[in-house]
Every structure is written in C-alpha cells, then in structure tokens.
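Asker: One file: data_7.txt (compact mmCIF, C-alpha atoms).
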# COMPACT_ATOMS: atom_id res chain seq x y z
CA MET A 2 0.00 0.00 0.00
CA ASN A 3 1.50 3.33 -1.01
CA SER A 4 1.35 6.48 1.13
CA ARG A 5 -1.63 7.92 -0.75
CA GLN A 6 -3.64 4.73 -0.25
CA GLN A 7 -2.64 4.64 3.44
CA GLN A 8 -3.77 8.24 3.88
CA ALA A 9 -7.09 7.48 2.17
CA LYS A 10 -7.62 4.46 4.43
CA GLU A 11 -6.84 6.53 7.53
CA THR A 12 -9.18 9.33 6.43
CA LYS A 13 -12.04 6.89 5.87
CA GLU A 14 -11.42 5.24 9.25
CA HIS A 15 -11.26 8.66 10.91
CA ILE A 16 -14.59 9.74 9.41
CA MET A 17 -16.11 6.44 10.53
CA ALA A 18 -14.74 6.74 14.08
CA VAL A 19 -15.97 10.31 14.44
CA ALA A 20 -19.39 9.37 13.09
CA LEU A 21 -19.74 6.48 15.55
CA LYS A 22 -18.86 8.75 18.48
CA LEU A 23 -21.34 11.35 17.30
CA ILE A 24 -24.10 8.77 16.86
CA GLU A 25 -23.74 7.99 20.56
CA ILE A 26 -24.31 11.66 21.36
CA TYR A 27 -26.94 12.70 18.81
CA THR A 28 -28.44 9.37 17.65
CA TYR A 29 -28.24 8.33 14.02
CA ASP A 30 -31.43 10.03 12.85
CA LYS A 31 -30.53 13.39 14.40
CA LEU A 32 -26.92 13.40 13.19
CA SER A 33 -26.20 15.27 9.99
CA ILE A 34 -23.43 14.69 7.48
CA ASN A 35 -22.41 18.32 8.00
CA LYS A 36 -21.93 17.69 11.72
CA ILE A 37 -19.82 14.59 10.98
CA CYS A 38 -17.67 16.53 8.51
CA SER A 39 -17.25 19.46 10.88
CA LYS A 40 -16.15 17.29 13.79
CA ALA A 41 -13.93 15.11 11.57
CA ASN A 42 -12.42 18.23 10.01
CA VAL A 43 -13.10 17.04 6.46
CA SER A 44 -15.09 18.54 3.62
CA THR A 45 -18.51 17.25 2.65
CA GLY A 46 -16.95 16.21 -0.65
CA ALA A 47 -14.42 14.08 1.22
CA PHE A 48 -17.26 12.40 3.10
CA TYR A 49 -19.04 11.56 -0.15
CA HIS A 50 -15.80 10.32 -1.65
CA TYR A 51 -15.71 7.55 0.98
CA PHE A 52 -19.42 7.06 1.71
CA LYS A 53 -22.40 7.36 -0.68
CA SER A 54 -24.69 8.37 2.16
CA LYS A 55 -25.03 8.43 5.91
CA GLN A 56 -26.66 5.01 5.67
CA GLU A 57 -23.46 3.65 4.14
CA LEU A 58 -21.72 4.31 7.47
CA ILE A 59 -23.93 1.59 8.90
CA VAL A 60 -23.22 -0.72 5.97
CA GLU A 61 -19.48 -0.11 6.36
CA GLY A 62 -19.70 -0.75 10.10
CA TYR A 63 -21.53 -3.98 9.38
CA LYS A 64 -18.84 -4.97 6.88
CA ASN A 65 -16.11 -4.25 9.44
CA CYS A 66 -17.93 -6.32 12.05
CA ASP A 67 -18.55 -9.11 9.57
CA ASP A 68 -14.86 -9.18 8.64
CA TYR A 69 -13.80 -9.16 12.30
CA PHE A 70 -16.12 -12.02 13.21
CA SER A 71 -15.00 -14.02 10.17
CA GLU A 72 -11.31 -13.47 10.82
CA HIS A 73 -11.19 -13.70 14.62
CA ILE A 74 -14.29 -15.09 16.28
CA LEU A 75 -15.08 -18.06 14.03
CA LYS A 76 -11.62 -19.58 14.33
CA ASP A 77 -11.55 -19.23 18.13
CA LEU A 78 -14.88 -20.87 18.95
CA LYS A 79 -14.37 -23.49 21.64
CA GLY A 80 -17.66 -25.39 21.42
CA LYS A 81 -17.39 -29.16 21.08
CA ASN A 82 -20.07 -29.42 18.41
CA TYR A 83 -21.90 -27.16 15.96
CA VAL A 84 -24.73 -26.35 18.36
CA GLU A 85 -22.30 -25.20 21.07
CA LYS A 86 -20.34 -23.19 18.50
CA ILE A 87 -23.51 -21.49 17.24
CA VAL A 88 -24.57 -20.61 20.79
CA GLU A 89 -21.07 -19.28 21.54
CA TYR A 90 -21.08 -17.27 18.30
CA ILE A 91 -24.48 -15.74 19.03
CA SER A 92 -23.27 -14.87 22.52
CA CYS A 93 -20.34 -12.99 20.97
CA GLN A 94 -22.75 -11.18 18.66
CA MET A 95 -24.95 -10.16 21.60
CA LYS A 96 -21.95 -8.79 23.50
CA TYR A 97 -20.99 -6.83 20.40
CA ALA A 98 -24.55 -5.56 19.97
CA ASN A 99 -24.65 -4.47 23.61
CA LYS A 100 -21.38 -2.60 23.14
CA LEU A 101 -22.72 -0.82 20.04
CA GLY A 102 -25.86 0.33 21.77
CA ILE A 103 -29.51 0.29 20.85
CA ASP A 104 -29.46 3.12 18.31
CA LEU A 105 -26.71 1.61 16.18
CA MET A 106 -28.29 -1.83 16.34
CA LEU A 107 -31.64 -0.37 15.31
CA GLN A 108 -29.98 1.33 12.34
CA LEU A 109 -28.14 -1.87 11.44
CA TYR A 110 -31.36 -3.85 11.28
CA LYS A 111 -33.15 -1.08 9.40
CA THR A 112 -30.32 -1.12 6.88
CA GLN A 113 -30.54 -4.89 6.52
CA ILE A 114 -34.24 -4.62 5.77
CA THR A 115 -33.65 -2.09 3.01
CA ASP A 116 -31.68 -2.67 -0.16
CA ALA A 117 -28.41 -1.34 1.32
CA THR A 118 -27.34 -4.77 2.55
CA GLU A 119 -28.03 -6.34 -0.83
CA SER A 120 -26.09 -3.64 -2.67
CA SER A 121 -23.12 -4.03 -0.31
CA GLY A 122 -22.63 -7.64 -1.42
CA ARG A 123 -22.68 -8.84 2.22
CA ASN A 124 -24.81 -11.62 3.61
CA ALA A 125 -27.54 -10.76 6.07
CA CYS A 126 -26.23 -13.38 8.49
CA TRP A 127 -22.78 -13.20 10.05
CA LEU A 128 -22.78 -16.90 10.78
CA PHE A 129 -22.68 -17.97 7.16
CA PRO A 130 -20.29 -15.64 5.31
I need this file expressed as structure tokens, please.

Answerer:
Amino acid sequence: MNSRQQQAKETKEHIMAVALKLIEIYTYDKLSINKICSKANVSTGAFYHYFKSKQELIVEGYKNCDDYFSEHILKDLKGKNYVEKIVEYISCQMKYANKLGIDLMLQLYKTQITDATESSGRNACWLFP
C-alpha cells in the first residue's frame, strides 16, 4: 500500500470513528453529514468520496464487524459441536450488539431490511459468510 492509499484508508477510518462517536451523542437520525464533517475536520466532498450516504456508514460498520467475526471469532470458537459453537457465536454477537448500543443496532437492522445490505454484497447473516 503506497502512502496515498494509506492516507485514504486513515481518512475513511477517521470519518467512521468520528461518526460512531457522534451517533452515541446525537443518535443516528438526528446526526447530519455536515456535523460529521465538521467534527472530523473534512469537507462534505471528502465524506461523499468515501461514503455514498449516511446510511453507508452503517453498511461499512456492518462490513467491518462481519470481517472481524469471520477473521477472529469463528476460528476461536471453543464449542465441542456445531450447536455449542452457534450458541457461543451468538453470545459474541450479543456482546458486540450491547457494546454498540440500541441506536446503532436499530440502524443496522433497518439497513438490513432495506436494499443497502443487498447492494453491499454482504450476507444478512454473520454466521454464514
């Protein structure tokens, strides 16, 4: 990855991190893209370069979570059989959901119901990537 790509990756991650913090304060529905850009110290154009819409923040967060669970959680499940592994996996998901908070989880499920999940190319179930 060259320096320009690294900077782009860091900018996108920064916008995402700022947006997640602001969602905790304002809730998703009350948070504007302008507020995100102002607090992240980026232009509105920069926001739209990385995200098509505010809803795409949720899709991107879902993708990040999906990737994390696929790369880290699945391989570390300790259950002796598939049922135990599924229960353990769901328990990890519930801990993650609790950490995210109700507003973000509500937005995540709203996004899954709409066409955003389909257009992202991600499955609607983390268990079967």

Asker: Tell me, as a ChimeraX atom specification, which residues lie within 12 Å of Leu101 in chain A, counting all atoms listed in the file; anything in the same chain fewer than 6 positions away does not count.

Answerer: /A:21-22,24-25,28,59,62-63,66,94-95,107-109

Asker: What separation in Å, quoted to one decimal, exists between CA of Leu23 in chain A and CA of Lys100 in chain A?

Answerer: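 CA of Lys100 in chain A lies 15.1 Å from CA of Leu23 in chain A.
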
Asker: Quick one: of A:Phe48, A:Glu61, A:Phe70, A:Tyr83, who's nearest to Tyr97 in chain A, counting only C-alpha atoms?

Answerer: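 The answer is A:Phe70, which sits nearest to Tyr97 in chain A.
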
Asker: Looking at A:Lys36, A:Tyr27, A:Ile87, A:Thr12, which one is nearest to Tyr51 in chain A, with distances taken over only C-alpha atoms?

Answerer: A:Thr12

Asker: Measuring atom to atom with all atoms listed in the file, identify which of A:Ile103, A:Ile34, A:Ala9, A:Ile26 is nearest to Glu57 in chain A.

Answerer: A:Ile34

Asker: Edge lengths and centre, in Å to one decimal, as AutoDock Vina command-line options: that's what I need for the box along x, y and z that holds all listed atoms of range 93-112 of chain A plus 8 Å on each side.

Answerer:
--center_x -26.7 --center_y -4.9 --center_z 15.2 --size_x 28.8 --size_y 32.1 --size_z 32.7

Asker: Which residues, protein or nucleic acid, reach to within 12 Å of (-17.1, -16.3, 18.9) in the file's coordinates when using all atoms listed in the file, and can you give that as a PDB file with C-alpha atoms, in the coordinates of the input?

Answerer:
ATOM      1  CA  ASP A  67     -18.550  -9.110   9.570  1.00  0.00           C
ATOM      2  CA  TYR A  69     -13.800  -9.160  12.300  1.00  0.00           C
ATOM      3  CA  PHE A  70     -16.120 -12.020  13.210  1.00  0.00           C
ATOM      4  CA  SER A  71     -15.000 -14.020  10.170  1.00  0.00           C
ATOM      5  CA  GLU A  72     -11.310 -13.470  10.820  1.00  0.00           C
ATOM      6  CA  HIS A  73     -11.190 -13.700  14.620  1.00  0.00           C
ATOM      7  CA  ILE A  74     -14.290 -15.090  16.280  1.00  0.00           C
ATOM      8  CA  LEU A  75     -15.080 -18.060  14.030  1.00  0.00           C
ATOM      9  CA  LYS A  76     -11.620 -19.580  14.330  1.00  0.00           C
ATOM     10  CA  ASP A  77     -11.550 -19.230  18.130  1.00  0.00           C
ATOM     11  CA  LEU A  78     -14.880 -20.870  18.950  1.00  0.00           C
ATOM     12  CA  LYS A  79     -14.370 -23.490  21.640  1.00  0.00           C
ATOM     13  CA  GLY A  80     -17.660 -25.390  21.420  1.00  0.00           C
ATOM     14  CA  GLU A  85     -22.300 -25.200  21.070  1.00  0.00           C
ATOM     15  CA  LYS A  86     -20.340 -23.190  18.500  1.00  0.00           C
ATOM     16  CA  ILE A  87     -23.510 -21.490  17.240  1.00  0.00           C
ATOM     17  CA  VAL A  88     -24.570 -20.610  20.790  1.00  0.00           C
ATOM     18  CA  GLU A  89     -21.070 -19.280  21.540  1.00  0.00           C
ATOM     19  CA  TYR A  90     -21.080 -17.270  18.300  1.00  0.00           C
ATOM     20  CA  ILE A  91     -24.480 -15.740  19.030  1.00  0.00           C
ATOM     21  CA  SER A  92     -23.270 -14.870  22.520  1.00  0.00           C
ATOM     22  CA  CYS A  93     -20.340 -12.990  20.970  1.00  0.00           C
ATOM     23  CA  GLN A  94     -22.750 -11.180  18.660  1.00  0.00           C
ATOM     24  CA  MET A  95     -24.950 -10.160  21.600  1.00  0.00           C
ATOM     25  CA  LYS A  96     -21.950  -8.790  23.500  1.00  0.00           C
ATOM     26  CA  TYR A  97     -20.990  -6.830  20.400  1.00  0.00           C
ATOM     27  CA  TRP A 127     -22.780 -13.200  10.050  1.00  0.00           C
ATOM     28  CA  LEU A 128     -22.780 -16.900  10.780  1.00  0.00           C
TER      29      LEU A 128
END

Asker: For His15 in chain A, which of A:Met2, A:Ile114, A:Asn42, A:Asn35 is the closest residue, counting all atoms listed in the file?

Answerer: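 Comparing A:Met2, A:Ile114, A:Asn42, A:Asn35 against His15 in chain A, the winner is A:Asn42.
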
Asker: Can you put N, CA, C and O atoms back into range 66-88 of chain A and show it as a short mmCIF file (atom, residue, chain, number, x, y, z; two decimals), in the frame of the given file?

Answerer:
data_model
loop_
_atom_site.label_atom_id
_atom_site.label_comp_id
_atom_site.auth_asym_id
_atom_site.auth_seq_id
_atom_site.Cartn_x
_atom_site.Cartn_y
_atom_site.Cartn_z
N CYS A 66 -17.56 -5.32 11.04
CA CYS A 66 -17.93 -6.32 12.05
C CYS A 66 -17.92 -7.71 11.44
O CYS A 66 -17.38 -8.65 12.02
N ASP A 67 -18.50 -7.83 10.27
CA ASP A 67 -18.55 -9.11 9.57
C ASP A 67 -17.13 -9.65 9.34
O ASP A 67 -16.84 -10.81 9.59
N ASP A 68 -16.25 -8.78 8.87
CA ASP A 68 -14.86 -9.18 8.64
C ASP A 68 -14.18 -9.60 9.93
O ASP A 68 -13.47 -10.61 9.98
N TYR A 69 -14.40 -8.83 11.00
CA TYR A 69 -13.80 -9.16 12.30
C TYR A 69 -14.28 -10.52 12.80
O TYR A 69 -13.48 -11.37 13.22
N PHE A 70 -15.58 -10.74 12.74
CA PHE A 70 -16.12 -12.02 13.21
C PHE A 70 -15.60 -13.18 12.36
O PHE A 70 -15.26 -14.24 12.88
N SER A 71 -15.51 -12.96 11.05
CA SER A 71 -15.00 -14.02 10.17
C SER A 71 -13.53 -14.33 10.43
O SER A 71 -13.12 -15.48 10.41
N GLU A 72 -12.75 -13.30 10.66
CA GLU A 72 -11.31 -13.47 10.82
C GLU A 72 -10.89 -13.89 12.22
O GLU A 72 -9.89 -14.57 12.39
N HIS A 73 -11.64 -13.47 13.24
CA HIS A 73 -11.19 -13.70 14.62
C HIS A 73 -12.10 -14.60 15.44
O HIS A 73 -11.62 -15.49 16.13
N ILE A 74 -13.37 -14.36 15.40
CA ILE A 74 -14.29 -15.09 16.28
C ILE A 74 -14.51 -16.53 15.82
O ILE A 74 -14.41 -17.46 16.61
N LEU A 75 -14.78 -16.71 14.54
CA LEU A 75 -15.08 -18.06 14.03
C LEU A 75 -13.97 -19.05 14.33
O LEU A 75 -14.23 -20.18 14.74
N LYS A 76 -12.74 -18.65 14.14
CA LYS A 76 -11.62 -19.58 14.33
C LYS A 76 -11.33 -19.88 15.80
O LYS A 76 -10.67 -20.86 16.10
N ASP A 77 -11.84 -19.05 16.71
CA ASP A 77 -11.55 -19.23 18.13
C ASP A 77 -12.70 -19.84 18.92
O ASP A 77 -12.63 -19.92 20.15
N LEU A 78 -13.76 -20.26 18.24
CA LEU A 78 -14.88 -20.87 18.95
C LEU A 78 -14.42 -22.16 19.61
O LEU A 78 -13.73 -22.97 19.01
N LYS A 79 -14.84 -22.35 20.86
CA LYS A 79 -14.37 -23.49 21.64
C LYS A 79 -15.41 -24.60 21.80
O LYS A 79 -15.12 -25.63 22.39
N GLY A 80 -16.61 -24.38 21.28
CA GLY A 80 -17.66 -25.39 21.42
C GLY A 80 -17.23 -26.73 20.86
O GLY A 80 -16.45 -26.82 19.93
N LYS A 81 -17.76 -27.80 21.47
CA LYS A 81 -17.39 -29.16 21.08
C LYS A 81 -18.16 -29.65 19.86
O LYS A 81 -17.74 -30.59 19.20
N ASN A 82 -19.28 -29.03 19.58
CA ASN A 82 -20.07 -29.42 18.41
C ASN A 82 -20.68 -28.16 17.79
O ASN A 82 -20.50 -27.06 18.31
N TYR A 83 -21.38 -28.32 16.67
CA TYR A 83 -21.90 -27.16 15.96
C TYR A 83 -22.91 -26.37 16.79
O TYR A 83 -22.94 -25.14 16.73
N VAL A 84 -23.73 -27.05 17.56
CA VAL A 84 -24.73 -26.35 18.36
C VAL A 84 -24.03 -25.46 19.39
O VAL A 84 -24.37 -24.28 19.55
N GLU A 85 -23.04 -26.00 20.08
CA GLU A 85 -22.30 -25.20 21.07
C GLU A 85 -21.58 -24.03 20.40
O GLU A 85 -21.51 -22.93 20.95
N LYS A 86 -21.03 -24.26 19.22
CA LYS A 86 -20.34 -23.19 18.50
C LYS A 86 -21.32 -22.10 18.08
O LYS A 86 -21.00 -20.91 18.15
N ILE A 87 -22.51 -22.47 17.63
CA ILE A 87 -23.51 -21.49 17.24
C ILE A 87 -23.94 -20.67 18.46
O ILE A 87 -24.03 -19.43 18.38
N VAL A 88 -24.17 -21.32 19.57
CA VAL A 88 -24.57 -20.61 20.79
C VAL A 88 -23.45 -19.66 21.23
O VAL A 88 -23.70 -18.49 21.58
#
